[in-house]
$ cat input25.cif   # mmCIF, C-alpha atoms and all ligand atoms
data_final
#
loop_
_atom_site.group_PDB
_atom_site.id
_atom_site.type_symbol
_atom_site.label_atom_id
_atom_site.label_comp_id
_atom_site.auth_asym_id
_atom_site.auth_seq_id
_atom_site.Cartn_x
_atom_site.Cartn_y
_atom_site.Cartn_z
ATOM 1 C CA MET A 1 -31.003 -4.685 21.984
ATOM 2 C CA LYS A 2 -30.301 -1.977 19.453
ATOM 3 C CA SER A 3 -28.102 -0.091 21.907
ATOM 4 C CA LYS A 4 -26.136 -3.293 22.721
ATOM 5 C CA MET A 5 -25.436 -3.758 19.014
ATOM 6 C CA LEU A 6 -24.348 -0.147 18.700
ATOM 7 C CA THR A 7 -22.023 -0.528 21.689
ATOM 8 C CA ALA A 8 -20.517 -3.682 20.150
ATOM 9 C CA HIS A 9 -20.068 -1.895 16.822
ATOM 10 C CA TYR A 10 -18.450 1.058 18.585
ATOM 11 C CA SER A 11 -16.081 -1.224 20.458
ATOM 12 C CA ILE A 12 -15.029 -2.947 17.173
ATOM 13 C CA LEU A 13 -14.418 0.474 15.644
ATOM 14 C CA THR A 14 -12.354 1.679 18.600
ATOM 15 C CA THR A 15 -10.362 -1.567 18.568
ATOM 16 C CA GLN A 16 -9.625 -1.032 14.863
ATOM 17 C CA TYR A 17 -8.796 2.588 15.563
ATOM 18 C CA SER A 18 -6.350 1.658 18.299
ATOM 19 C CA ILE A 19 -4.660 -0.830 15.914
ATOM 20 C CA LEU A 20 -4.169 2.031 13.462
ATOM 21 C CA GLU A 21 -2.581 4.442 15.945
ATOM 22 C CA SER A 22 0.554 6.198 14.776
ATOM 23 C CA MET A 23 3.990 5.023 15.900
ATOM 24 C CA LYS A 24 7.232 6.438 17.241
ATOM 25 C CA LEU A 25 10.328 4.781 15.832
ATOM 26 C CA THR A 26 14.094 4.930 16.121
ATOM 27 C CA LEU A 27 15.853 4.659 12.777
ATOM 28 C CA ASN A 28 19.492 3.580 12.557
ATOM 29 C CA ILE A 29 20.425 4.597 9.026
ATOM 30 C CA TRP A 30 23.661 4.121 7.060
ATOM 31 C CA ARG A 31 24.968 7.549 5.971
ATOM 32 C CA GLN A 32 27.834 7.776 3.497
ATOM 33 C CA LYS A 33 28.734 10.962 1.615
ATOM 34 C CA ASN A 34 30.092 9.260 -1.509
ATOM 35 C CA ALA A 35 31.636 6.048 -2.806
ATOM 36 C CA SER A 36 35.053 6.692 -1.266
ATOM 37 C CA ALA A 37 33.903 8.200 2.064
ATOM 38 C CA LYS A 38 33.747 6.103 5.210
ATOM 39 C CA GLY A 39 30.122 5.559 6.131
ATOM 40 C CA LYS A 40 28.511 5.107 9.528
ATOM 41 C CA ILE A 41 25.167 4.475 11.167
ATOM 42 C CA GLU A 42 23.318 7.611 12.345
ATOM 43 C CA THR A 43 20.328 7.466 14.687
ATOM 44 C CA TYR A 44 17.128 9.439 14.059
ATOM 45 C CA LYS A 45 13.818 9.546 15.934
ATOM 46 C CA ILE A 46 10.574 9.804 14.013
ATOM 47 C CA ASP A 47 6.981 9.955 15.242
ATOM 48 C CA GLY A 48 3.555 10.184 13.674
ATOM 49 C CA VAL A 49 4.314 7.161 11.475
ATOM 50 C CA GLU A 50 0.992 5.744 10.246
ATOM 51 C CA PRO A 51 0.709 1.952 9.939
ATOM 52 C CA ASP A 52 -0.708 2.357 6.424
ATOM 53 C CA MET A 53 2.293 4.336 5.209
ATOM 54 C CA SER A 54 4.681 2.481 2.955
ATOM 55 C CA PHE A 55 8.269 2.149 4.167
ATOM 56 C CA LEU A 56 9.409 4.625 1.506
ATOM 57 C CA GLU A 57 6.689 7.115 2.517
ATOM 58 C CA MET A 58 8.022 6.901 6.061
ATOM 59 C CA LEU A 59 11.481 7.803 4.694
ATOM 60 C CA ASP A 60 9.869 10.637 2.676
ATOM 61 C CA VAL A 61 8.479 12.079 5.934
ATOM 62 C CA LEU A 62 11.910 11.778 7.551
ATOM 63 C CA ASN A 63 13.474 13.545 4.555
ATOM 64 C CA GLU A 64 10.884 16.352 4.599
ATOM 65 C CA GLY A 65 12.063 17.023 8.164
ATOM 66 C CA PHE A 66 15.686 17.199 6.992
ATOM 67 C CA VAL A 67 14.815 19.532 4.125
ATOM 68 C CA ALA A 68 12.837 21.817 6.469
ATOM 69 C CA LYS A 69 15.932 22.068 8.703
ATOM 70 C CA ASP A 70 18.225 22.624 5.709
ATOM 71 C CA GLN A 71 19.952 19.296 6.315
ATOM 72 C CA GLU A 72 20.869 16.641 3.760
ATOM 73 C CA PRO A 73 18.077 14.127 3.140
ATOM 74 C CA VAL A 74 18.829 10.397 3.142
ATOM 75 C CA VAL A 75 19.495 9.207 -0.409
ATOM 76 C CA PHE A 76 17.713 5.996 -1.425
ATOM 77 C CA ASP A 77 16.742 4.435 -4.746
ATOM 78 C CA HIS A 78 13.123 4.216 -5.900
ATOM 79 C CA ASP A 79 11.061 4.683 -9.023
ATOM 80 C CA CYS A 80 7.756 2.871 -9.687
ATOM 81 C CA ARG A 81 6.898 2.271 -6.027
ATOM 82 C CA GLU A 82 4.726 -0.661 -7.052
ATOM 83 C CA GLY A 83 7.106 -3.617 -7.192
ATOM 84 C CA ILE A 84 7.831 -3.445 -10.913
ATOM 85 C CA CYS A 85 11.046 -1.579 -11.663
ATOM 86 C CA GLY A 86 13.505 -3.114 -9.169
ATOM 87 C CA ALA A 87 14.969 0.255 -8.152
ATOM 88 C CA CYS A 88 14.209 0.123 -4.428
ATOM 89 C CA SER A 89 16.863 -1.767 -2.538
ATOM 90 C CA LEU A 90 17.049 -1.445 1.225
ATOM 91 C CA GLN A 91 18.486 -3.872 3.731
ATOM 92 C CA ILE A 92 16.003 -3.574 6.604
ATOM 93 C CA ASN A 93 16.888 -5.185 9.929
ATOM 94 C CA GLY A 94 19.375 -7.357 8.061
ATOM 95 C CA GLU A 95 16.972 -8.548 5.352
ATOM 96 C CA PRO A 96 16.858 -7.342 1.742
ATOM 97 C CA HIS A 97 13.415 -5.714 1.245
ATOM 98 C CA GLY A 98 12.629 -6.160 4.947
ATOM 99 C CA PRO A 99 10.646 -8.677 6.977
ATOM 100 C CA ASP A 100 7.770 -9.385 4.548
ATOM 101 C CA ARG A 101 7.965 -12.033 1.801
ATOM 102 C CA GLY A 102 7.314 -11.779 -1.929
ATOM 103 C CA ILE A 103 7.477 -7.980 -2.048
ATOM 104 C CA ALA A 104 9.979 -5.239 -2.844
ATOM 105 C CA THR A 105 10.876 -2.508 -0.309
ATOM 106 C CA CYS A 106 8.361 -0.110 -1.894
ATOM 107 C CA GLN A 107 5.517 -2.556 -1.122
ATOM 108 C CA LEU A 108 6.475 -2.916 2.546
ATOM 109 C CA HIS A 109 4.075 -1.197 4.956
ATOM 110 C CA MET A 110 4.731 0.229 8.396
ATOM 111 C CA ARG A 111 2.055 -2.038 9.928
ATOM 112 C CA LYS A 112 4.758 -4.739 9.845
ATOM 113 C CA PHE A 113 6.471 -2.794 12.673
ATOM 114 C CA ASN A 114 5.429 -1.848 16.204
ATOM 115 C CA ASP A 115 5.377 1.400 18.133
ATOM 116 C CA GLY A 116 8.785 1.886 19.804
ATOM 117 C CA ASP A 117 10.693 -0.332 17.339
ATOM 118 C CA THR A 118 14.264 0.375 16.313
ATOM 119 C CA ILE A 119 14.801 -0.251 12.594
ATOM 120 C CA VAL A 120 18.241 -0.642 11.040
ATOM 121 C CA ILE A 121 18.346 0.530 7.409
ATOM 122 C CA GLU A 122 21.417 -0.188 5.283
ATOM 123 C CA PRO A 123 22.290 -0.367 1.590
ATOM 124 C CA PHE A 124 22.507 -3.743 -0.179
ATOM 125 C CA ARG A 125 25.991 -5.012 0.708
ATOM 126 C CA ALA A 126 28.192 -6.553 -2.018
ATOM 127 C CA THR A 127 31.583 -5.664 -3.480
ATOM 128 C CA ALA A 128 29.998 -5.653 -6.936
ATOM 129 C CA PHE A 129 27.367 -3.126 -5.710
ATOM 130 C CA PRO A 130 29.477 -0.186 -4.450
ATOM 131 C CA VAL A 131 27.665 2.458 -2.422
ATOM 132 C CA ILE A 132 27.025 5.677 -4.377
ATOM 133 C CA LYS A 133 25.621 7.643 -1.442
ATOM 134 C CA ASP A 134 23.814 6.673 1.780
ATOM 135 C CA LEU A 135 21.446 3.840 0.853
ATOM 136 C CA MET A 136 21.918 3.964 -2.921
ATOM 137 C CA VAL A 137 24.182 1.385 -4.565
ATOM 138 C CA ASP A 138 25.519 1.042 -8.096
ATOM 139 C CA ARG A 139 23.901 -2.027 -9.678
ATOM 140 C CA SER A 140 25.196 -1.404 -13.209
ATOM 141 C CA ALA A 141 27.009 -4.769 -12.931
ATOM 142 C CA PHE A 142 23.574 -6.308 -13.594
ATOM 143 C CA ASP A 143 23.191 -4.183 -16.739
ATOM 144 C CA ARG A 144 26.538 -5.434 -18.023
ATOM 145 C CA ILE A 145 25.531 -9.071 -17.407
ATOM 146 C CA GLN A 146 22.341 -8.420 -19.382
ATOM 147 C CA GLN A 147 24.233 -6.671 -22.175
ATOM 148 C CA ALA A 148 26.575 -9.675 -22.464
ATOM 149 C CA GLY A 149 23.781 -11.929 -23.740
ATOM 150 C CA GLY A 150 20.326 -11.179 -22.304
ATOM 151 C CA TYR A 151 18.670 -10.628 -25.659
ATOM 152 C CA ILE A 152 17.593 -12.466 -28.800
ATOM 153 C CA SER A 153 18.268 -11.538 -32.408
ATOM 154 C CA VAL A 154 14.888 -11.273 -34.076
ATOM 155 C CA ASN A 155 13.641 -9.379 -37.061
ATOM 156 C CA THR A 156 11.785 -6.358 -35.714
ATOM 157 C CA SER A 157 11.508 -4.611 -39.070
ATOM 158 C CA GLY A 158 7.767 -5.121 -39.355
ATOM 159 C CA ASN A 159 7.996 -8.651 -40.837
ATOM 160 C CA THR A 160 7.763 -10.387 -37.488
ATOM 161 C CA GLN A 161 5.587 -13.454 -37.560
ATOM 162 C CA ASP A 162 2.624 -13.729 -35.264
ATOM 163 C CA ALA A 163 3.598 -15.179 -31.882
ATOM 164 C CA ASN A 164 0.892 -17.840 -32.246
ATOM 165 C CA ASN A 165 2.712 -19.294 -35.265
ATOM 166 C CA ILE A 166 5.320 -20.775 -32.934
ATOM 167 C CA PRO A 167 3.815 -23.469 -30.703
ATOM 168 C CA ILE A 168 5.184 -23.403 -27.146
ATOM 169 C CA SER A 169 4.098 -25.791 -24.419
ATOM 170 C CA LYS A 170 2.130 -24.266 -21.559
ATOM 171 C CA GLU A 171 4.691 -25.590 -19.081
ATOM 172 C CA ASP A 172 7.633 -23.964 -20.867
ATOM 173 C CA SER A 173 5.827 -20.683 -21.399
ATOM 174 C CA ASP A 174 4.883 -20.543 -17.688
ATOM 175 C CA LEU A 175 8.448 -21.331 -16.586
ATOM 176 C CA SER A 176 9.845 -18.734 -18.976
ATOM 177 C CA PHE A 177 7.320 -16.134 -17.836
ATOM 178 C CA ASN A 178 8.145 -16.823 -14.181
ATOM 179 C CA ALA A 179 11.864 -16.338 -14.883
ATOM 180 C CA ALA A 180 11.086 -13.131 -16.781
ATOM 181 C CA THR A 181 9.396 -11.632 -13.719
ATOM 182 C CA CYS A 182 12.863 -10.963 -12.201
ATOM 183 C CA ILE A 183 12.995 -7.189 -11.689
ATOM 184 C CA GLY A 184 16.793 -7.017 -11.323
ATOM 185 C CA CYS A 185 16.631 -5.593 -7.805
ATOM 186 C CA GLY A 186 19.701 -7.384 -6.453
ATOM 187 C CA ALA A 187 18.106 -8.718 -3.263
ATOM 188 C CA CYS A 188 19.412 -12.183 -4.168
ATOM 189 C CA VAL A 189 22.971 -10.830 -4.096
ATOM 190 C CA ALA A 190 22.399 -8.952 -0.829
ATOM 191 C CA ALA A 191 20.902 -12.063 0.798
ATOM 192 C CA CYS A 192 23.720 -14.372 -0.263
ATOM 193 C CA LYS A 193 26.670 -14.979 2.045
ATOM 194 C CA ASN A 194 28.839 -15.206 -1.101
ATOM 195 C CA ALA A 195 27.210 -12.157 -2.770
ATOM 196 C CA SER A 196 26.411 -14.444 -5.688
ATOM 197 C CA ALA A 197 24.415 -13.189 -8.666
ATOM 198 C CA MET A 198 23.508 -16.689 -9.813
ATOM 199 C CA LEU A 199 19.752 -16.330 -9.233
ATOM 200 C CA PHE A 200 19.555 -13.106 -11.259
ATOM 201 C CA THR A 201 21.754 -14.415 -14.098
ATOM 202 C CA ALA A 202 19.950 -17.764 -14.116
ATOM 203 C CA ALA A 203 16.567 -16.033 -14.405
ATOM 204 C CA LYS A 204 17.791 -14.007 -17.365
ATOM 205 C CA VAL A 205 19.320 -17.093 -19.044
ATOM 206 C CA SER A 206 16.232 -19.225 -18.360
ATOM 207 C CA GLN A 207 13.636 -16.868 -19.765
ATOM 208 C CA PHE A 208 15.253 -17.283 -23.218
ATOM 209 C CA ALA A 209 16.558 -20.855 -22.905
ATOM 210 C CA LEU A 210 13.021 -22.153 -22.414
ATOM 211 C CA LEU A 211 11.632 -20.621 -25.603
ATOM 212 C CA PRO A 212 12.306 -21.596 -29.242
ATOM 213 C CA GLN A 213 13.253 -17.972 -30.046
ATOM 214 C CA GLY A 214 16.050 -18.175 -27.475
ATOM 215 C CA LYS A 215 17.545 -21.498 -28.585
ATOM 216 C CA LEU A 216 19.584 -20.139 -31.513
ATOM 217 C CA GLU A 217 22.000 -18.141 -29.347
ATOM 218 C CA ALA A 218 21.621 -20.240 -26.197
ATOM 219 C CA ASN A 219 25.218 -21.511 -25.996
ATOM 220 C CA LYS A 220 26.799 -18.146 -26.726
ATOM 221 C CA ARG A 221 24.428 -16.418 -24.291
ATOM 222 C CA VAL A 222 25.049 -18.582 -21.230
ATOM 223 C CA LEU A 223 28.831 -18.535 -21.688
ATOM 224 C CA ALA A 224 28.938 -14.740 -22.134
ATOM 225 C CA MET A 225 26.593 -13.961 -19.225
ATOM 226 C CA VAL A 226 28.389 -16.280 -16.790
ATOM 227 C CA GLU A 227 31.755 -14.867 -17.868
ATOM 228 C CA GLN A 228 30.521 -11.307 -17.252
ATOM 229 C CA MET A 229 28.993 -12.302 -13.900
ATOM 230 C CA ASP A 230 32.393 -13.653 -12.769
ATOM 231 C CA LYS A 231 34.205 -10.576 -14.116
ATOM 232 C CA GLU A 232 31.979 -8.291 -12.009
ATOM 233 C CA GLY A 233 33.223 -9.929 -8.820
ATOM 234 C CA PHE A 234 30.082 -11.754 -7.674
ATOM 235 C CA GLY A 235 30.643 -14.882 -5.594
ATOM 236 C CA ASN A 236 29.670 -18.436 -6.426
ATOM 237 C CA CYS A 237 26.523 -20.338 -5.427
ATOM 238 C CA THR A 238 26.788 -22.766 -2.522
ATOM 239 C CA ASN A 239 23.092 -23.780 -2.566
ATOM 240 C CA THR A 240 22.090 -22.005 0.649
ATOM 241 C CA GLY A 241 18.825 -20.778 -0.866
ATOM 242 C CA ALA A 242 18.672 -17.406 0.919
ATOM 243 C CA CYS A 243 18.307 -15.735 -2.502
ATOM 244 C CA GLU A 244 15.091 -17.610 -3.295
ATOM 245 C CA ILE A 245 13.613 -16.763 0.130
ATOM 246 C CA GLU A 246 14.354 -13.032 -0.125
ATOM 247 C CA CYS A 247 13.513 -12.640 -3.828
ATOM 248 C CA PRO A 248 10.443 -10.394 -4.168
ATOM 249 C CA LYS A 249 9.357 -12.325 -7.273
ATOM 250 C CA GLY A 250 9.866 -15.852 -5.931
ATOM 251 C CA ILE A 251 12.430 -16.739 -8.605
ATOM 252 C CA SER A 252 13.142 -20.430 -8.075
ATOM 253 C CA LEU A 253 16.524 -22.076 -7.498
ATOM 254 C CA GLU A 254 15.535 -24.409 -10.346
ATOM 255 C CA ASN A 255 16.664 -21.615 -12.652
ATOM 256 C CA ILE A 256 20.206 -21.954 -11.287
ATOM 257 C CA ALA A 257 20.120 -25.698 -11.982
ATOM 258 C CA ARG A 258 18.887 -24.935 -15.522
ATOM 259 C CA MET A 259 21.669 -22.377 -16.058
ATOM 260 C CA ASN A 260 24.268 -24.889 -14.851
ATOM 261 C CA ARG A 261 22.931 -27.482 -17.334
ATOM 262 C CA GLU A 262 22.946 -24.898 -20.131
ATOM 263 C CA PHE A 263 26.505 -23.911 -19.190
ATOM 264 C CA MET A 264 27.747 -27.532 -19.101
ATOM 265 C CA SER A 265 26.132 -28.271 -22.425
ATOM 266 C CA ALA A 266 27.583 -25.096 -24.033
ATOM 267 C CA THR A 267 31.054 -25.889 -22.684
ATOM 268 C CA THR A 268 30.909 -29.440 -24.052
ATOM 269 C CA LYS A 269 29.815 -28.172 -27.464
ATOM 270 C CA GLY A 270 32.676 -25.728 -27.114
HETATM 271 S S1 LIG B 1 16.244 -12.958 -8.899
HETATM 272 FE FE1 LIG B 1 14.780 -11.959 -7.482
HETATM 273 S S2 LIG B 1 16.071 -10.985 -5.947
HETATM 274 FE FE2 LIG B 1 17.385 -11.430 -7.707
HETATM 275 S S3 LIG B 1 17.355 -9.598 -8.977
HETATM 276 FE FE3 LIG B 1 15.720 -10.938 -9.756
HETATM 277 S S4 LIG B 1 13.892 -10.279 -8.640
HETATM 278 FE FE4 LIG B 1 15.612 -9.403 -7.503
HETATM 279 S S1 LIG B 2 10.416 1.274 -6.562
HETATM 280 FE FE1 LIG B 2 10.063 0.005 -8.302
HETATM 281 S S2 LIG B 2 10.129 -2.008 -7.464
HETATM 282 FE FE2 LIG B 2 10.272 -0.725 -5.725
#
$ encode --input "input25.cif" --output "structure tokens"
Amino acid sequence: MKSKMLTAHYSILTTQYSILESMKLTLNIWRQKNASAKGKIETYKIDGVEPDMSFLEMLDVLNEGFVAKDQEPVVFDHDCREGICGACSLQINGEPHGPDRGIATCQLHMRKFNDGDTIVIEPFRATAFPVIKDLMVDRSAFDRIQQAGGYISVNTSGNTQDANNIPISKEDSDLSFNAATCIGCGACVAACKNASAMLFTAAKVSQFALLPQGKLEANKRVLAMVEQMDKEGFGNCTNTGACEIECPKGISLENIARMNREFMSATTKG
């Protein structure tokens, strides 16, 4: 009896072990020397990829190979590697942040792929996000949208009143917090057929519009941020919803509806 149990245990272990076997992959990666150079897809083979590696760790291994051979590593953006900063930004098999949902590229694991797979890795594509090198794009257009109005004027001189002195409904504080979880990654733009930045801008407008502290400058803010968004060359929203699906933070399309209402109201008040 005991030996039967041991055999069963062993077979579970070997099954798990076989699931965790390393993989061989073909990587089709966009290489581009600089912003003005013509880029192209280059093909690389990689083996020994562990299913528990993150996607960026897999690229680290590839790059270590390039460095060892005195070749140029693939340039890609990353920082926190835990879904917080919004720096990572890869288009993987045609999807911003790859095939998983609700995560950024840095949280994607190789177990989502199979041995023998070919993976196409490109930069986020949008006129307003020009390629800097290889897989790294310039997303400073987002910074300029933020600078146009994504702030509130409050006294931070040490006389600030306690946050609890201002009553805010649970519903509004939750909606505002959800909007504030946008990490500014740009996946919404990369997913959109119009390269629209409406989801990002709407999240930034909403997080203030929903709170009393944000009401004072609400009209000025929405007009300035939308104006800057248009100036940067982003497209318009045609309600496809791809942005919401690909957003690693699940930012809702309702924010776009809220921004449109805010915009209409600000325009009327002129
Ligand atoms: S709305 Fe979502 S996809 Fe767009 S920048 Fe914010 S977190 Fe990224
Ligand atoms: S590296 Fe910071 S969110 Fe991915």
$ closest_atom_pairs --input "input25.cif" --of "chain A" --to "ligand LIG 2 (chain B)" --cutoff "7 Å" --atoms "only C-alpha atoms and all ligand atoms" --output "Markdown table"
| residue | atom | partner | partner_atom | distance |
| --- | --- | --- | --- | --- |
| A:His78 | CA | B:LIG2 | S1 | 4.1 |
| A:Asp79 | CA | B:LIG2 | S1 | 4.3 |
| A:Cys80 | CA | B:LIG2 | FE1 | 3.9 |
| A:Arg81 | CA | B:LIG2 | S1 | 3.7 |
| A:Glu82 | CA | B:LIG2 | FE1 | 5.5 |
| A:Gly83 | CA | B:LIG2 | S2 | 3.4 |
| A:Ile84 | CA | B:LIG2 | S2 | 4.4 |
| A:Cys85 | CA | B:LIG2 | FE1 | 3.8 |
| A:Gly86 | CA | B:LIG2 | S2 | 3.9 |
| A:Ala87 | CA | B:LIG2 | FE1 | 4.9 |
| A:Cys88 | CA | B:LIG2 | FE2 | 4.2 |
| A:Ala104 | CA | B:LIG2 | FE2 | 5.4 |
| A:Thr105 | CA | B:LIG2 | FE2 | 5.7 |
| A:Cys106 | CA | B:LIG2 | FE2 | 4.3 |
| A:Gln107 | CA | B:LIG2 | FE2 | 6.9 |
$ closest_atom_pairs --input "input25.cif" --of "chain A" --to "ligand LIG 1 (chain B)" --cutoff "7 Å" --atoms "only C-alpha atoms and all ligand atoms" --output "tab-separated table"
residue	atom	partner	partner_atom	distance
A:Gly86	CA	B:LIG1	FE4	6.8
A:Thr181	CA	B:LIG1	S4	6.9
A:Cys182	CA	B:LIG1	FE3	3.8
A:Ile183	CA	B:LIG1	S4	4.4
A:Gly184	CA	B:LIG1	S3	3.5
A:Cys185	CA	B:LIG1	FE4	4.0
A:Gly186	CA	B:LIG1	S3	4.1
A:Ala187	CA	B:LIG1	S2	4.1
A:Cys188	CA	B:LIG1	S2	4.0
A:Val189	CA	B:LIG1	FE2	6.7
A:Leu199	CA	B:LIG1	S1	4.9
A:Phe200	CA	B:LIG1	S1	4.1
A:Ala203	CA	B:LIG1	S1	6.3
A:Cys243	CA	B:LIG1	S2	6.3
A:Glu246	CA	B:LIG1	S2	6.4
A:Cys247	CA	B:LIG1	S2	3.7
A:Pro248	CA	B:LIG1	S4	5.6
A:Lys249	CA	B:LIG1	S4	5.2
A:Gly250	CA	B:LIG1	FE1	6.5
A:Ile251	CA	B:LIG1	S1	5.4
$ residues_around --input "input25.cif" --residues "A:Trp30" --least-positions-apart "6" --cutoff "12 Å" --atoms "only C-alpha atoms" --output "VMD selection string"
chain A and resid 38 to 44 74 to 76 90 to 93 119 to 125 131 133 to 137
$ residues_around --input "input25.cif" --residues "A:Val154" --least-positions-apart "4" --cutoff "12 Å" --atoms "all atoms listed in the file" --output "PyMOL selection string"
chain A and resi 158-161+212-217
$ atom_distance --input "input25.cif" --atom1 "atom CA of A:Ile145" --atom2 "atom CA of A:Cys192"
18.0 Å
$ residues_near_point --input "input25.cif" --point "(27.2, -19.5, -26.7)" --cutoff "9 Å" --atoms "all atoms listed in the file" --output "PyMOL selection string"
chain A and resi 149+217-224+263+266-267+270
$ write_last_selection --input "input25.cif" --atoms "C-alpha atoms" --output "PDB file, in the coordinates of the input"
ATOM      1  CA  GLY A 149      23.781 -11.929 -23.740  1.00  0.00           C
ATOM      2  CA  GLU A 217      22.000 -18.141 -29.347  1.00  0.00           C
ATOM      3  CA  ALA A 218      21.621 -20.240 -26.197  1.00  0.00           C
ATOM      4  CA  ASN A 219      25.218 -21.511 -25.996  1.00  0.00           C
ATOM      5  CA  LYS A 220      26.799 -18.146 -26.726  1.00  0.00           C
ATOM      6  CA  ARG A 221      24.428 -16.418 -24.291  1.00  0.00           C
ATOM      7  CA  VAL A 222      25.049 -18.582 -21.230  1.00  0.00           C
ATOM      8  CA  LEU A 223      28.831 -18.535 -21.688  1.00  0.00           C
ATOM      9  CA  ALA A 224      28.938 -14.740 -22.134  1.00  0.00           C
ATOM     10  CA  PHE A 263      26.505 -23.911 -19.190  1.00  0.00           C
ATOM     11  CA  ALA A 266      27.583 -25.096 -24.033  1.00  0.00           C
ATOM     12  CA  THR A 267      31.054 -25.889 -22.684  1.00  0.00           C
ATOM     13  CA  GLY A 270      32.676 -25.728 -27.114  1.00  0.00           C
TER      14      GLY A 270
END
$ closest_residue --input "input25.cif" --among "A:Ala126, A:Ala190, A:Ala209, A:Leu59" --to "A:Tyr151" --atoms "all atoms listed in the file"
A:Ala209
$ residues_near_point --input "input25.cif" --point "(23.0, -9.2, -12.8)" --cutoff "10 Å" --atoms "all atoms listed in the file" --output "JSON, numbers by chain"
{"A": [128, 139, 140, 141, 142, 143, 144, 145, 146, 147, 184, 185, 186, 188, 189, 196, 197, 198, 199, 200, 201, 202, 203, 204, 225, 226, 228, 229, 232, 234]}
$ axis_aligned_box --input "input25.cif" --around "stretch 114-124 of chain A" --padding-each-side "6 Å" --output "AutoDock Vina command-line options"
--center_x 13.9 --center_y -0.9 --center_z 9.8 --size_x 29.1 --size_y 17.6 --size_z 32.0
